[in-house]
Amino acid sequence: MTVAETGPLTTEAGAPVADNQNSEQAGIGGPVLIQDQSLIEKLAHFNRERIPERIVHARGAGAYGTFTVTADVTRYTRAKFLSEVGKETEVFLRFSTVAGNLGAADAVRDPRGFALKFYTEEGNYDLVGNNTPVFFIRDAIKFPDFIHTQKRDPYTGSQEADNVWDFWSLSPEVTHQVTWLFGDRGIPASYRHMDGFGSHTFQWNNEAGEAFWVKYHFKTDQGIKNLTQAEADKLAGEDPDSHQRDLREAIERGEYPSWTVSVQIMPAADAATYRFNPFDLTKVWPHADHPLIEIGKLELNRNPENIFAEVEQSIFSPAHFVPGIGPSPDKMLQGRLFAYGDAHRYRVGINADHLPVNRPHAAEARTYSRDGLLYDGRHGRAKNYEPNSFGGPSQTGRPLWQPVAVTGVTGEHVSPVHAEDNDFVQAGNLYRLMTEAEKSRLIDNLAGSLAKVSRDDIVARAIDNFRQADPDYGKRLEAAVQALRG
Ligand code: HEM
């Protein structure tokens, strides 16, 4: 192409650039001149190309798609995007790993993030879940400590098995999630071949004001496919971008990945007497108690054009609700309601919500917030205070979710323990559900990791937690670790 066809290369201010190969010098072979603003602008912009990576889930890939309602759920929620069978809503989904930094390999043993933004006509609804129905801990106050053990050690600069297992062995509530993570589903073969979960319990409420507790499940229509530890180790070395590439190429081929979406529903009044604490993120609701109700189909069918603009700068917040959907008293979720918006303000800036990937697509944001770094002036001369007499937007008077009854005194309380609750019961149930071959791969994977720990007391404490889940589990793990450690 010639300059006549494309227009000239320009500076950021739009002036034509004469030479993009040679900087301006004081004479042939002389020093470079500060008046070469094209050079200075180019170097300065380059130095500022990075924003802080996400403190967790730094490594990820995203795609746009469609959510389609397939069942009538209006008796449970008044959310408009769920109001009619056949109704379609645009979505953006970002998959991720948790512990690795931005350049880390995809094929690792780690939970996968499943962060879904619904661009609904009542504003954006974000469901920021994982590929696992449970999590390691049940109180947000433990999250920074937990993540520090998964990330690089301050002295060695590497991930350390000592730190991982020290924390896990001292936090017995992790036993369920760790059993899940070291089992077959711990390393998905791709982002397309895994399920997604909202993980927490959320509130749905209907037009009549009745409240329900709900859990979301996304079952992959591609079928579950996993990697063994050996397959993953090889792939991570050969193609660190394996999962990101797989997702993009599948969509380019027109093989649009899809998930069948279901919910479990609990009438609000049943929560207090349920056999497990329904707001404890280390527990599932067994399907026998609350069967899956199919409600929709999720399909991904469009790749982002620009990874930085649409994936790196995308923001998802568990606090982004729409009318008819709200939080539960899950202590982890409550902490997350604060953490994400705070992270976005630091990582992307106070006007992050204005970026094309983040702003509402089927609604308009009408706020009185103004200005700040990179404000684009979208509100023009409109009044920036409320109430006002100039026709500005005003409150609806109806909260997005129903009030929740609380009792007692303030305090640093542990989570309520229900009739069948303890830290090990569901880990033991999961272990006993496994086939013999699954059990032995689980034991091998755990033993391989535990054998790297340098201190016997940490190893013994960790094994004791698995023993409490099931005596056979503990016994086999102890023998396998001993065989590796000699
Ligand atoms: C209290 C516990 C937790 C805290 C404080 C926390 C905090 C954070 C923070 C600060 C980020 C980075 C956000 C950003 O920079 O945009 C993040 C990302 C993420 N977290 Fe959490 N997190 C917690 C638990 C969880 C749980 C339980 C799940 C899933 C069930 C989860 C799923 C995710 C996902 C999927 C992302 C990536 C979102 C994206 O793709 O942009 N987190 N978390």
# chains A, B, ... in the order shown; residues from 1 in each chain; ligands from 1
>>> residues_near_ligand(ligand="ligand 1", cutoff="6 Å", atoms="only C-alpha atoms and all ligand atoms", output="count of residues only")
24
>>> closest_residue(among="A:Glu412, A:Glu310, A:Glu436, A:Asp472", to="Ala63 of chain A", atoms="only C-alpha atoms")
A:Glu310
>>> closest_residue(among="A:Ala382, A:Ala71, A:Ile224, A:Ile265", to="Asp289 of chain A", atoms="only C-alpha atoms")
A:Ile265
>>> atom_distance(atom1="atom CA of Leu442 of chain A", atom2="atom CA of Phe182 of chain A")
5.5 Å
>>> select_by_dssp(residues="segment 65-161 of chain A", states="strand (DSSP E)", output="number ranges by chain")
A: 65-69, 88-97, 112-120, 123-130
